[in-house]
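So this block is coords17.txt, compact mmCIF, C-alpha atoms:
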# COMPACT_ATOMS: atom_id res chain seq x y z
CA MET A 1 33.46 188.71 165.77
CA SER A 2 29.87 188.26 164.57
CA ILE A 3 28.79 185.67 162.00
CA ALA A 4 28.33 188.47 159.44
CA ASP A 5 31.84 189.80 160.07
CA ALA A 6 33.26 186.29 159.73
CA PHE A 7 31.42 185.84 156.44
CA VAL A 8 32.73 189.15 155.12
CA SER A 9 36.26 188.19 156.17
CA LEU A 10 35.91 184.86 154.37
CA ILE A 11 34.74 186.57 151.19
CA ILE A 12 37.60 189.09 151.34
CA GLY A 13 40.10 186.27 151.91
CA LEU A 14 38.81 184.30 148.92
CA LEU A 15 38.87 187.40 146.72
CA LEU A 16 42.43 188.23 147.72
CA LEU A 17 43.48 184.61 147.17
CA GLN A 18 41.99 184.62 143.68
CA ALA A 19 43.67 187.95 142.91
CA ALA A 20 47.04 186.68 144.18
CA VAL A 21 46.83 183.41 142.21
CA ARG A 22 45.90 185.24 139.01
CA LEU A 23 48.43 188.07 139.34
CA PRO A 24 51.24 186.36 137.34
CA ALA A 25 48.83 185.64 134.47
CA ALA A 26 47.55 189.22 134.62
CA LEU A 27 51.07 190.65 134.41
CA ARG A 28 52.01 188.69 131.31
CA GLY A 29 48.59 187.84 129.90
CA ARG A 30 46.03 189.29 127.57
CA ARG A 31 43.17 191.65 128.41
CA ARG A 32 41.07 188.68 129.54
CA GLU A 33 43.41 187.71 132.36
CA ARG A 34 43.91 191.33 133.42
CA SER A 35 40.14 191.88 133.46
CA LEU A 36 39.45 188.93 135.73
CA TRP A 37 42.26 189.91 138.09
CA GLY A 38 40.95 193.49 138.17
CA ALA A 39 37.47 192.28 139.06
CA PHE A 40 38.73 190.24 142.02
CA ALA A 41 40.97 193.08 143.24
CA ALA A 42 38.22 195.72 142.96
CA PHE A 43 35.67 193.52 144.72
CA ALA A 44 38.16 192.70 147.49
CA VAL A 45 38.72 196.38 148.30
CA ALA A 46 34.98 197.11 148.01
CA TRP A 47 34.20 194.39 150.55
CA TRP A 48 37.01 195.59 152.80
CA LEU A 49 35.31 199.00 152.89
CA ARG A 50 32.27 197.31 154.39
CA THR A 51 34.31 196.37 157.47
CA ASP A 52 35.03 198.52 160.52
CA THR A 53 38.73 198.38 159.63
CA GLY A 54 38.15 199.66 156.12
CA ARG A 55 35.90 202.47 157.30
CA ALA A 56 38.39 203.40 160.02
CA VAL A 57 41.06 203.93 157.37
CA ILE A 58 38.85 206.21 155.23
CA ASP A 59 36.91 208.10 157.93
CA PRO A 60 39.90 210.24 159.05
CA LEU A 61 39.72 211.95 155.65
CA GLY A 62 36.76 213.81 157.12
CA VAL A 63 34.19 213.09 154.39
CA SER A 64 31.05 211.56 155.82
CA ASP A 65 29.91 208.34 154.09
CA LEU A 66 33.00 208.36 151.84
CA PRO A 67 33.59 204.58 152.39
CA THR A 68 30.13 203.96 150.94
CA LEU A 69 30.85 206.01 147.81
CA LEU A 70 34.23 204.33 147.30
CA LYS A 71 32.65 200.92 147.86
CA HIS A 72 30.05 201.56 145.16
CA VAL A 73 32.60 203.01 142.72
CA LEU A 74 34.86 199.98 143.14
CA ALA A 75 31.90 197.64 142.73
CA ILE A 76 30.99 199.35 139.45
CA ALA A 77 34.62 199.08 138.29
CA GLY A 78 34.68 195.38 139.22
CA ILE A 79 31.40 194.75 137.39
CA CYS A 80 32.64 196.55 134.29
CA VAL A 81 35.89 194.56 134.02
CA LEU A 82 34.01 191.34 134.84
CA LEU A 83 31.76 192.03 131.85
CA THR A 84 34.89 192.58 129.78
CA TYR A 85 36.13 189.15 130.83
CA VAL A 86 32.81 187.43 130.08
CA THR A 87 32.59 189.11 126.67
CA ASP A 88 36.16 188.14 125.72
CA VAL A 89 35.71 184.52 126.82
CA TYR A 90 32.56 183.85 124.85
CA GLN A 91 33.56 185.87 121.78
CA ASP A 92 36.31 183.27 121.31
CA GLU A 93 33.61 180.64 120.80
CA ASP A 94 31.51 182.35 118.12
CA ALA A 95 31.48 186.12 117.83
CA THR A 96 28.57 185.93 115.35
CA ALA A 97 26.15 184.09 117.69
CA ARG A 98 23.15 186.11 118.85
CA HIS A 99 23.82 185.69 122.57
CA ILE A 100 27.43 186.82 122.03
CA LYS A 101 26.28 189.87 120.09
CA ILE A 102 23.88 190.76 122.90
CA THR A 103 26.64 190.39 125.48
CA SER A 104 28.98 192.54 123.39
CA VAL A 105 26.36 195.27 123.05
CA VAL A 106 25.66 195.22 126.79
CA HIS A 107 29.40 195.30 127.54
CA ARG A 108 29.98 198.29 125.28
CA ALA A 109 27.02 200.07 126.83
CA ALA A 110 28.19 199.19 130.34
CA ALA A 111 31.72 200.38 129.63
CA ARG A 112 30.36 203.76 128.53
CA ALA A 113 27.74 203.86 131.26
CA SER A 114 30.18 202.98 134.06
CA LEU A 115 31.99 206.33 133.89
CA ALA A 116 28.69 208.20 133.59
CA THR A 117 27.26 206.26 136.52
CA VAL A 118 30.30 206.99 138.68
CA LEU A 119 30.14 210.68 137.81
CA CYS A 120 26.40 210.79 138.60
CA LEU A 121 26.86 208.95 141.89
CA THR A 122 29.68 211.28 142.89
CA THR A 123 27.67 214.38 141.97
CA VAL A 124 24.61 213.21 143.89
CA PHE A 125 26.77 212.16 146.82
CA PHE A 126 28.48 215.53 147.24
CA LEU A 127 25.77 217.93 146.07
CA VAL A 128 22.40 216.33 146.83
CA LEU A 129 22.65 213.98 149.82
CA ASP A 130 22.57 215.48 153.29
CA ARG A 131 25.85 214.13 154.63
CA SER A 132 25.62 216.02 157.89
CA LYS A 133 23.87 212.98 159.32
CA THR A 134 26.09 210.53 161.18
CA GLY A 135 26.01 206.93 162.16
CA VAL A 136 24.21 207.94 165.37
CA ASP A 137 21.07 208.55 163.29
CA SER A 138 21.37 205.09 161.71
CA PRO A 139 24.23 202.63 161.27
CA HIS A 140 23.16 202.09 157.63
CA PHE A 141 23.65 204.42 154.67
CA MET A 142 20.07 204.00 153.46
CA GLY A 143 18.67 204.55 156.91
CA ARG A 144 20.52 207.86 157.30
CA HIS A 145 19.05 209.26 154.08
CA ILE A 146 15.45 208.01 154.18
CA GLY A 147 13.10 210.46 152.49
CA GLU A 148 15.80 212.28 150.53
CA PRO A 149 15.18 212.45 146.75
CA GLY A 150 18.91 212.05 146.15
CA LEU A 151 18.88 208.62 147.79
CA ALA A 152 16.47 207.22 145.19
CA LEU A 153 18.62 208.60 142.38
CA TYR A 154 21.90 207.43 143.92
CA LEU A 155 20.92 203.86 144.76
CA GLY A 156 18.59 203.57 141.77
CA LEU A 157 21.50 204.13 139.38
CA PHE A 158 23.71 201.68 141.25
CA ASN A 159 21.03 198.95 141.44
CA ILE A 160 20.13 199.22 137.75
CA TYR A 161 23.77 198.97 136.72
CA THR A 162 24.36 195.98 139.01
CA ALA A 163 21.24 194.09 137.94
CA ALA A 164 21.88 194.56 134.19
CA ALA A 165 25.48 193.36 134.40
CA ALA A 166 24.59 190.43 136.68
CA ALA A 167 21.85 189.36 134.26
CA VAL A 168 24.32 189.16 131.36
CA CYS A 169 26.84 187.16 133.40
CA ALA A 170 24.13 184.83 134.75
CA TYR A 171 22.85 184.15 131.24
CA GLN A 172 26.28 183.39 129.78
CA TRP A 173 27.44 181.20 132.67
CA GLY A 174 24.10 179.40 132.83
CA ARG A 175 24.27 178.65 129.12
CA ALA A 176 27.90 177.50 129.43
CA ALA A 177 26.93 175.24 132.35
CA ARG A 178 24.33 173.47 130.21
CA LEU A 179 26.94 172.80 127.53
CA ALA A 180 29.82 171.85 129.85
CA ARG A 181 30.94 168.24 129.61
CA ARG A 182 33.01 168.00 132.78
CA ARG A 183 30.93 167.70 135.92
CA SER A 184 33.28 169.90 137.94
CA LEU A 185 33.14 172.69 135.36
CA ARG A 186 29.38 172.38 135.06
CA THR A 187 29.01 172.65 138.84
CA GLY A 188 31.28 175.69 139.01
CA LEU A 189 29.51 177.52 136.21
CA THR A 190 26.12 176.74 137.75
CA MET A 191 27.24 178.20 141.07
CA MET A 192 28.55 181.31 139.34
CA ALA A 193 25.26 181.75 137.46
CA ALA A 194 23.29 181.23 140.68
CA GLY A 195 25.44 183.84 142.42
CA MET A 196 24.69 186.35 139.67
CA ALA A 197 20.97 185.54 139.92
CA LEU A 198 21.11 186.37 143.63
CA PHE A 199 22.79 189.70 142.80
CA ILE A 200 19.75 190.48 140.65
CA VAL A 201 17.48 189.52 143.56
CA TYR A 202 19.54 191.76 145.82
CA ALA A 203 19.22 194.73 143.45
CA VAL A 204 15.46 194.16 143.05
CA LEU A 205 14.87 193.89 146.82
CA ARG A 206 16.86 197.06 147.46
CA SER A 207 15.04 198.90 144.68
CA VAL A 208 11.59 197.85 145.94
CA TYR A 209 12.44 198.92 149.47
CA LEU A 210 13.93 202.15 148.16
CA ALA A 211 10.72 202.95 146.28
CA ALA A 212 8.66 202.15 149.37
CA ILE A 213 10.60 204.42 151.75
CA THR A 214 10.64 207.21 149.16
CA LEU A 215 6.84 207.25 149.25
CA HIS A 216 6.46 206.50 152.94
CA PRO A 217 9.42 206.50 155.36
CA ALA A 218 9.86 203.18 157.14
CA THR A 219 10.58 202.55 160.79
CA ALA A 220 14.09 201.89 162.05
CA ALA A 221 13.13 198.28 162.76
CA ALA A 222 11.95 197.75 159.18
CA GLY A 223 15.18 199.25 157.93
CA THR A 224 17.22 196.88 160.08
CA VAL A 225 15.26 193.85 158.83
CA GLN A 226 15.75 194.97 155.22
CA GLU A 227 19.48 195.37 155.74
CA HIS A 228 19.78 191.91 157.29
CA VAL A 229 17.74 190.21 154.54
CA THR A 230 19.53 191.90 151.64
CA ASP A 231 22.92 191.35 153.28
CA ILE A 232 22.21 187.62 153.50
CA VAL A 233 21.26 187.55 149.82
CA LEU A 234 24.42 189.48 148.95
CA TYR A 235 26.67 187.26 151.09
CA VAL A 236 25.27 184.02 149.69
CA GLY A 237 25.39 185.33 146.12
CA PHE A 238 29.01 186.41 146.41
CA ALA A 239 29.99 183.17 148.14
CA LEU A 240 28.38 181.12 145.35
CA TRP A 241 30.09 183.16 142.66
CA LEU A 242 33.47 182.92 144.39
CA LEU A 243 33.27 179.20 145.09
CA GLY A 244 32.06 178.59 141.55
CA SER A 245 34.94 180.60 140.11
CA VAL A 246 37.37 178.47 142.13
CA THR A 247 36.29 175.32 140.27
CA PRO A 248 37.50 176.33 136.78
CA ALA A 249 40.56 177.91 138.38
CA ALA A 250 41.30 174.69 140.28
CA HIS A 251 40.91 172.69 137.07
CA ALA A 252 43.27 175.07 135.26
CA LEU A 253 45.75 174.85 138.13
CA ALA A 254 45.61 171.05 138.08
CA THR A 255 46.23 171.11 134.32
CA ARG A 256 49.25 173.38 134.79
CA ILE A 257 50.62 171.13 137.55
CA ARG A 258 50.25 168.03 135.36
CA ALA A 259 52.02 169.83 132.52
CA ILE A 260 54.89 170.89 134.79
CA LYS A 261 55.26 167.33 136.13
CA ALA A 262 55.39 166.04 132.56
CA ILE A 263 57.99 168.65 131.62
CA ILE A 264 60.13 167.64 134.59
CA GLY A 265 59.82 163.99 133.57
CA LEU A 266 60.82 164.72 129.96
CA HIS A 267 63.51 167.29 130.70
CA GLN A 268 66.62 165.09 130.71
CA LEU A 269 65.60 163.28 127.54
CA TRP A 270 64.65 166.54 125.81
CA ARG A 271 67.86 168.28 126.87
CA ASP A 272 70.14 165.47 125.68
CA LEU A 273 68.36 165.28 122.34
CA VAL A 274 68.17 168.98 121.46
CA LEU A 275 71.78 169.56 122.52
CA ALA A 276 72.85 166.81 120.12
CA ILE A 277 71.41 168.40 116.97
CA ASP A 278 71.51 172.14 116.35
CA GLY A 279 68.54 174.07 115.00
CA ILE A 280 65.82 171.87 116.47
CA ALA A 281 65.02 173.67 119.74
CA LEU A 282 63.08 176.91 119.56
CA HIS A 283 64.80 177.91 122.81
CA GLN A 284 68.18 176.33 123.47
CA PRO A 285 68.67 174.64 126.87
CA SER A 286 70.27 176.76 129.59
CA LEU A 287 74.05 176.43 129.65
CA LEU A 288 75.13 178.36 132.74
CA LEU A 289 78.75 177.51 133.63
CA GLY A 290 79.00 175.82 130.27
CA GLY A 291 76.44 173.21 131.30
CA HIS A 292 78.67 171.96 134.14
CA ARG A 293 77.10 169.54 136.62
CA ALA A 294 77.49 172.14 139.38
CA ALA A 295 74.86 174.27 137.64
CA ALA A 296 72.66 171.36 136.57
CA PHE A 297 69.81 172.22 138.94
CA ILE A 298 69.74 175.91 137.98
CA ASN A 299 69.90 175.03 134.28
CA ALA A 300 67.05 172.56 134.68
CA MET A 301 64.87 175.12 136.53
CA ARG A 302 65.49 177.70 133.82
CA ASP A 303 64.51 175.20 131.13
CA ILE A 304 61.41 174.03 132.96
CA PHE A 305 59.99 177.39 134.02
CA SER A 306 61.01 179.86 131.31
CA HIS A 307 60.40 180.99 127.74
CA ASP A 308 56.82 179.89 127.02
CA ALA A 309 53.58 181.57 128.07
CA THR A 310 52.21 178.49 129.84
CA PRO A 311 53.49 175.08 130.91
CA GLN A 312 51.06 173.48 128.44
CA ILE A 313 52.73 175.33 125.56
CA ARG A 314 56.15 174.37 126.87
CA LEU A 315 55.13 170.72 127.11
CA GLY A 316 53.88 170.79 123.53
CA ARG A 317 57.21 172.25 122.44
CA TYR A 318 59.16 169.54 124.31
CA VAL A 319 57.16 166.77 122.64
CA THR A 320 57.53 168.32 119.18
CA GLU A 321 61.26 168.85 119.56
CA ILE A 322 61.83 165.33 120.90
CA ARG A 323 60.05 163.94 117.86
CA ASP A 324 61.95 166.25 115.49
CA VAL A 325 65.30 165.08 116.90
CA THR A 326 64.11 161.48 116.74
CA HIS A 327 63.37 161.90 113.04
CA GLU A 328 66.86 163.33 112.45
CA LEU A 329 68.44 160.42 114.34
CA ARG A 330 66.45 157.95 112.23
CA ARG A 331 68.29 159.36 109.19
CA ARG A 332 71.66 158.56 110.74
CA ALA A 333 71.24 155.48 112.95
CA PRO A 334 72.02 151.94 111.68
CA SER A 335 69.00 150.23 110.17
CA ASP A 336 69.13 147.33 112.63
CA LEU A 337 69.68 149.45 115.75
CA PHE A 338 66.09 149.25 116.93
CA GLN A 339 66.05 145.45 116.57
CA ARG A 340 69.16 145.25 118.74
CA ALA A 341 67.62 147.61 121.28
CA ARG A 342 64.49 145.48 121.45
CA ARG A 343 66.52 142.30 121.96
CA LEU A 344 68.41 144.01 124.79
CA ALA A 345 65.14 145.06 126.44
CA ASP A 346 63.81 141.51 126.15
CA ALA A 347 67.06 140.08 127.53
CA GLU A 348 66.77 142.36 130.57
CA GLY A 349 63.33 140.94 131.35
CA HIS A 350 61.15 143.78 130.10
CA THR A 351 57.80 142.72 128.72
CA ALA A 352 54.92 144.21 126.70
CA GLN A 353 54.90 148.02 126.64
CA ASP A 354 57.76 148.21 129.13
CA ALA A 355 59.92 146.40 126.59
CA ASP A 356 58.82 148.81 123.83
CA ALA A 357 59.58 151.84 126.01
CA ALA A 358 62.96 150.46 127.06
CA ALA A 359 63.82 149.61 123.45
CA GLU A 360 62.98 153.16 122.32
CA ALA A 361 65.03 154.63 125.17
CA TYR A 362 68.01 152.40 124.34
CA TRP A 363 67.68 153.26 120.65
CA LEU A 364 67.72 157.00 121.45
CA LYS A 365 70.76 156.68 123.70
CA ALA A 366 72.67 154.72 121.08
CA ALA A 367 71.47 156.85 118.16
CA LEU A 368 72.88 159.97 119.85
CA THR A 369 76.35 158.60 119.13
CA THR A 370 75.61 158.67 115.39
CA VAL A 371 74.75 162.37 115.00
CA ASP A 372 77.88 162.96 112.90
CA ALA A 373 77.04 160.17 110.44
CA PRO A 374 75.84 161.12 106.93
CA ALA A 375 72.07 161.60 106.72
CA GLY A 376 70.08 159.17 104.62
CA ALA A 377 66.57 157.76 104.40
CA PRO A 378 64.84 157.35 107.81
CA VAL A 379 65.24 153.85 109.25
CA ALA A 380 62.35 151.82 110.61
CA PHE A 381 61.38 152.87 114.12
CA HIS A 382 58.66 151.71 116.50
CA THR A 383 56.84 154.20 118.72
CA VAL A 384 53.43 154.80 120.30
CA GLY A 385 51.06 157.76 120.46
CA ASP A 386 48.08 158.53 118.28
CA ASP A 387 47.21 161.84 120.00
CA PHE A 388 48.96 164.37 122.18
CA ALA A 389 47.83 162.94 125.54
CA SER A 390 48.86 159.39 124.68
CA GLU A 391 52.13 160.61 123.19
CA VAL A 392 53.01 162.51 126.37
CA SER A 393 52.19 159.45 128.46
CA TRP A 394 54.33 157.27 126.20
CA LEU A 395 57.30 159.63 126.13
CA LEU A 396 57.25 159.80 129.92
CA ARG A 397 57.66 156.00 129.99
CA VAL A 398 60.49 156.27 127.49
CA ALA A 399 62.12 159.07 129.52
CA ARG A 400 62.00 156.94 132.68
CA ALA A 401 63.65 154.06 130.87
CA TYR A 402 66.20 156.49 129.39
CA ARG A 403 67.18 157.76 132.86
CA LYS A 404 67.52 154.21 134.18
CA ALA A 405 69.54 152.94 131.24
CA SER A 406 73.02 151.70 132.05
CA PRO A 407 75.92 153.94 131.01
CA HIS A 408 77.17 150.87 129.12
CA THR A 409 73.96 150.50 127.08
CA VAL A 410 75.58 151.82 123.89
CA ALA A 411 78.52 149.44 124.19
CA ILE A 412 76.19 146.50 124.80
CA LEU A 413 74.13 147.37 121.73
CA GLU A 414 77.28 147.56 119.63
CA ASP A 415 78.21 144.06 120.77
CA LEU A 416 74.81 142.59 119.87
CA THR A 417 74.69 140.94 116.46
CA PRO A 418 71.77 141.77 114.16
CA SER A 419 68.77 139.46 114.37
CA PRO A 420 67.80 137.63 111.19
CA ALA A 421 64.13 137.99 112.18
CA THR A 422 62.16 140.83 110.75
CA HIS A 423 60.82 143.25 113.35
CA THR A 424 57.59 145.01 112.43
CA ALA A 425 57.99 148.75 112.88
CA LYS A 426 55.77 151.78 112.70
CA GLY A 427 57.71 154.72 111.31
Would you kindly transcribe this structure into structure tokens?
Amino acid sequence: MSIADAFVSLIIGLLLLQAAVRLPAALRGRRRERSLWGAFAAFAVAWWLRTDTGRAVIDPLGVSDLPTLLKHVLAIAGICVLLTYVTDVYQDEDATARHIKITSVVHRAAARASLATVLCLTTVFFLVLDRSKTGVDSPHFMGRHIGEPGLALYLGLFNIYTAAAAAVCAYQWGRAARLARRRSLRTGLTMMAAGMALFIVYAVLRSVYLAAITLHPATAAAGTVQEHVTDIVLYVGFALWLLGSVTPAAHALATRIRAIKAIIGLHQLWRDLVLAIDGIALHQPSLLLGGHRAAAFINAMRDIFSHDATPQIRLGRYVTEIRDVTHELRRRAPSDLFQRARRLADAEGHTAQDADAAAEAYWLKAALTTVDAPAGAPVAFHTVGDDFASEVSWLLRVARAYRKASPHTVAILEDLTPSPATHTAKG
């Protein structure tokens, strides 16, 4: 395998990987997710048609140069849906901004022009180009049709379409890179913008060479050099775009993984709380086999991985519902229960925030036994968390203490006498 073939294989592999990773989001997502998945899928097949394997699959159909036509049609389709993705992403920021309006206009024009371009390319391909020439004349499509007027029309349309779309994407991603706060995101967007800039260079180089050979046919050696140079530009541009697109995807994947880990950590606490008080949970916990321990793992997996669009949304729901149940328990629990829970945490050797987390966990475990008590004014209760991130971190500490709490915690708290000291609480 040559270096070029290895590079093409790498690009195809990365495209297929991106398409596979984004398939679940595309199946259940909005147009934005489907557009991005469609771009990766279309580009993957287009690049596959550049390989000997891809051409070998299409050539038996008996239409000379058909892999080239299909490759260009798929590239146009991928560019069109990529523009759809870019337009949707940046319209969410400010649809009235001038650069967004320009992108939207270009996208609408490209969407209309894509079908016209494909129809024109197909017409020129079948009716104008001399397809009786074979790879023996030249291994390259352009080399086989040097001097034909149809070649200038065919590739001219394709290059103009490619360059215009790449310019819009490069502008938007370059602008986003300048405004990005995270270094990883800024690096990824810069690479994506640079890749698009190289696509423009590729289209310009091909167009200049096309104009030159239309006026004066070039030698086979010049054609080979041109193919090598433009291929290098194309390979590097696509590699930059792909690697750059991995960075935001990797960040999003890391965010999803962190959310899932947090959901797993909160699950037992959340499940015990929302099962205790009806009407709090938007989606009731799974109760296969009546919630028997034999089905505990399956029930937990269904709770953790179902219902919500994303793990981040599910995590937000868990936190909200835990706090809603906590508020209901505050209306039923004894007024001195938290003071007793804090004394128990201190007696067990917990200190600082560990003592606060243990006290909250003990309070929750004991308060669950009071769900049938008459509701009154909320009792004093100490907790932590001024924003969502800190609240998730705090609840994870509480959940760990809750899981470790002795089965006899409630009985111990009942045996503790109230402290005469006043405990400062944040309710």
Check your understanding: What's the 12 Å shell around A:Val236, counting all atoms listed in the file, without same-chain residues fewer than 4 positions away, as a PyMOL selection string?
Key -> chain A and resi 4+7-8+10-11+191-192+194-199+201-202+229-232+240-244
Grab the residues selected above and save them as a short mmCIF file (atom, residue, chain, number, x, y, z; two decimals), in the frame of the given file with C-alpha atoms.
data_model
loop_
_atom_site.label_atom_id
_atom_site.label_comp_id
_atom_site.auth_asym_id
_atom_site.auth_seq_id
_atom_site.Cartn_x
_atom_site.Cartn_y
_atom_site.Cartn_z
CA ALA A 4 28.33 188.47 159.44
CA PHE A 7 31.42 185.84 156.44
CA VAL A 8 32.73 189.15 155.12
CA LEU A 10 35.91 184.86 154.37
CA ILE A 11 34.74 186.57 151.19
CA MET A 191 27.24 178.20 141.07
CA MET A 192 28.55 181.31 139.34
CA ALA A 194 23.29 181.23 140.68
CA GLY A 195 25.44 183.84 142.42
CA MET A 196 24.69 186.35 139.67
CA ALA A 197 20.97 185.54 139.92
CA LEU A 198 21.11 186.37 143.63
CA PHE A 199 22.79 189.70 142.80
CA VAL A 201 17.48 189.52 143.56
CA TYR A 202 19.54 191.76 145.82
CA VAL A 229 17.74 190.21 154.54
CA THR A 230 19.53 191.90 151.64
CA ASP A 231 22.92 191.35 153.28
CA ILE A 232 22.21 187.62 153.50
CA LEU A 240 28.38 181.12 145.35
CA TRP A 241 30.09 183.16 142.66
CA LEU A 242 33.47 182.92 144.39
CA LEU A 243 33.27 179.20 145.09
CA GLY A 244 32.06 178.59 141.55
#
Exercise for review: Extract, using all atoms listed in the file, all DNA, RNA and protein residues at most 10 Å from stretch 221-225 of chain A, discarding same-chain residues fewer than 2 positions from it, and format them as a list in words.
Suggested key: Ser138, Pro139, His140, Met142, Gly143, Ile146, Tyr209, Ile213, Pro217, Ala218, Thr219, Glu227, His228, Val229, Thr230 and Asp231 of chain A
What are the centre and edge lengths in Å, to one decimal, of the axis-aligned box around all listed atoms of stretch 336-354 of chain A with 3 Å added on each side, as JSON?
{"center_x": 62.3, "center_y": 144.8, "center_z": 122.0, "size_x": 20.8, "size_y": 15.4, "size_z": 24.7}
Practice item. Would you work out the distance separating atom CA of A:Ile280 from atom CA of A:Glu321, expressed in Å to one decimal? Key: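 These atoms are spaced 6.3 Å apart.
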Review point. Between A:Arg403, A:Thr247, A:Trp363, A:Gln353, which has the minimum distance to A:Val384 (counting all atoms listed in the file)?
Key: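 The shortest atom-to-atom distance to A:Val384 comes from A:Gln353.
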Exercise for review: One decimal, Å: what's the distance from atom CA of A:Pro24 over to atom CA of A:Leu36, could you say?
Suggested key: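 Distance reported for this atom pair: 12.2 Å.
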Point to revise | Residue with smallest distance to A:Val86 - pool A:Arg131, A:Arg144, A:Arg31, A:Arg22, counting all atoms listed in the file | key: A:Arg31
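Reported to one decimal place, the separation of atom CA of A:Leu282 from atom CA of A:Leu337 is 28.5 Å.
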